[in-house]
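So this block is my_file09.cif, mmCIF, C-alpha atoms:
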data_coords
#
loop_
_atom_site.label_atom_id
_atom_site.label_comp_id
_atom_site.auth_asym_id
_atom_site.auth_seq_id
_atom_site.Cartn_x
_atom_site.Cartn_y
_atom_site.Cartn_z
CA MET N 13 -54.16 -49.09 8.20
CA ASN N 14 -54.37 -52.73 7.21
CA LYS N 15 -58.07 -53.66 7.07
CA LYS N 16 -57.24 -57.33 7.74
CA LEU N 17 -55.70 -56.26 11.04
CA GLN N 18 -58.62 -54.13 12.17
CA THR N 19 -60.89 -56.51 14.05
CA ASN N 20 -62.94 -56.30 17.22
CA ALA N 21 -60.35 -58.37 19.06
CA VAL N 22 -57.47 -56.12 17.97
CA ASP N 23 -59.50 -53.03 18.90
CA GLN N 24 -60.09 -54.50 22.37
CA LEU N 25 -56.39 -55.26 22.75
CA PHE N 26 -55.41 -51.72 21.81
CA ASP N 27 -58.05 -50.30 24.17
CA ALA N 28 -56.53 -52.41 26.93
CA ILE N 29 -53.01 -51.17 26.13
CA LEU N 30 -54.23 -47.57 26.16
CA CYS N 31 -55.49 -48.14 29.73
CA LEU N 32 -52.00 -48.86 31.03
CA GLU N 33 -50.62 -46.00 33.11
CA THR N 34 -47.17 -47.02 34.33
CA LYS N 35 -44.20 -49.07 33.20
CA GLU N 36 -44.97 -51.52 36.01
CA GLU N 37 -48.51 -51.98 34.64
CA CYS N 38 -47.00 -52.56 31.20
CA TYR N 39 -44.69 -55.24 32.58
CA ALA N 40 -47.57 -56.97 34.37
CA PHE N 41 -49.88 -56.91 31.34
CA PHE N 42 -47.33 -57.84 28.70
CA GLU N 43 -45.80 -60.61 30.82
CA ASP N 44 -49.29 -62.11 31.05
CA LEU N 45 -50.08 -61.51 27.38
CA CYS N 46 -46.81 -62.53 25.71
CA THR N 47 -44.25 -65.25 26.09
CA VAL N 48 -40.80 -64.10 27.14
CA ASN N 49 -39.54 -64.72 23.59
CA GLU N 50 -42.39 -62.72 22.02
CA LEU N 51 -41.72 -59.75 24.27
CA LEU N 52 -37.97 -59.93 23.66
CA SER N 53 -38.60 -60.10 19.89
CA LEU N 54 -40.80 -56.99 20.02
CA SER N 55 -38.23 -55.09 22.04
CA GLN N 56 -35.47 -56.24 19.69
CA ARG N 57 -37.36 -54.89 16.66
CA PHE N 58 -37.85 -51.58 18.44
CA GLU N 59 -34.12 -51.41 19.25
CA VAL N 60 -33.31 -52.24 15.62
CA ALA N 61 -35.60 -49.43 14.43
CA ALA N 62 -33.92 -46.94 16.77
CA MET N 63 -30.49 -47.95 15.50
CA LEU N 64 -31.60 -47.73 11.86
CA LYS N 65 -32.91 -44.21 12.55
CA LYS N 66 -29.39 -43.38 13.79
CA HIS N 67 -28.01 -44.71 10.49
CA LYS N 68 -26.20 -47.66 12.03
CA THR N 69 -25.12 -50.40 9.64
CA TYR N 70 -26.76 -53.81 9.50
CA LEU N 71 -23.54 -55.31 10.87
CA GLU N 72 -23.48 -52.92 13.86
CA ILE N 73 -27.15 -53.62 14.55
CA ALA N 74 -26.76 -57.39 14.25
CA GLU N 75 -23.76 -57.39 16.58
CA LYS N 76 -25.44 -55.25 19.25
CA THR N 77 -28.95 -56.71 19.15
CA GLY N 78 -28.45 -60.25 17.89
CA ALA N 79 -31.12 -59.60 15.25
CA SER N 80 -30.86 -61.45 11.97
CA THR N 81 -30.37 -59.51 8.75
CA ALA N 82 -33.89 -60.64 7.76
CA THR N 83 -35.32 -58.97 10.88
CA ILE N 84 -33.27 -55.84 10.32
CA SER N 85 -34.43 -55.71 6.70
CA ARG N 86 -38.08 -56.17 7.74
CA VAL N 87 -37.84 -53.34 10.26
CA ASN N 88 -36.05 -51.15 7.70
CA ARG N 89 -38.86 -51.79 5.22
CA SER N 90 -41.41 -50.72 7.86
CA LEU N 91 -39.43 -47.56 8.56
CA ASN N 92 -39.25 -46.66 4.88
CA TYR N 93 -42.56 -47.92 3.52
CA GLY N 94 -44.76 -48.57 6.55
CA ASN N 95 -47.42 -46.50 8.28
CA ASP N 96 -44.94 -44.19 10.10
CA GLY N 97 -45.73 -45.81 13.44
CA TYR N 98 -42.07 -46.00 14.43
CA THR N 99 -41.53 -42.36 13.39
CA MET N 100 -44.53 -41.21 15.43
CA ILE N 101 -43.20 -42.95 18.54
CA PHE N 102 -39.64 -41.72 18.08
CA GLU N 103 -40.94 -38.14 17.80
CA ARG N 104 -42.87 -38.55 21.05
CA LEU N 105 -40.18 -40.22 23.11
CA PRO N 106 -37.83 -37.92 25.03
#
As a first step, turn the structure in this file into structure tokens.
Amino acid sequence: MNKKLQTNAVDQLFDAILCLETKEECYAFFEDLCTVNELLSLSQRFEVAAMLKKHKTYLEIAEKTGASTATISRVNRSLNYGNDGYTMIFERLP
């Protein structure tokens, strides 16, 4: 875990997210918290990660998601050298 990231404010944010119980609650909270573009960017990165896990090419991913090669590369780096957060979530999702 990145020590620069671990602050009281981030802890409070994560505690708030852990309180959410439904997809509707997630929509309400994240629409208040994020701009439309921020939320779309987060969802795009998640879609890119899922496609990379399925061994899709950068070109396929860029065409389907509209993500830049820089974004795809950044997500790929997180998948390969990150904290396994994406992997943990993919294992838990049905």
Å distance separating atom CA of N:Gly94 from atom CA of N:Lys15, one decimal place: 14.3 Å
Residue members of the PyMOL selection byres ((chain N and resi 79-86) around 12) in the file shown, as a ChimeraX atom specification: /N:52-65,68-78,87-94
Could you tell me how far atom CA of N:His67 lies from atom CA of N:Val48, in Å and to one decimal?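 One can read the atom CA of N:His67 to atom CA of N:Val48 distance as 28.6 Å.
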Correct to one decimal, the distance atom CA of N:Phe41-atom CA of N:Ile29 is 8.4 Å
Provide an axis-aligned box for all listed atoms of stretch 16-30 of chain N, padding each side by 4 Å; report its centre and its edge lengths in Å to one decimal, as AutoDock Vina command-line options.
--center_x -58.0 --center_y -53.0 --center_z 17.3 --size_x 17.9 --size_y 18.8 --size_z 27.2
With the PyMOL selection byres ((chain N and resi 42) around 12) as the selection, what would be picked from this file? Answer as a ChimeraX atom specification, please. /N:25,28-29,32,35-41,43-52,54-55
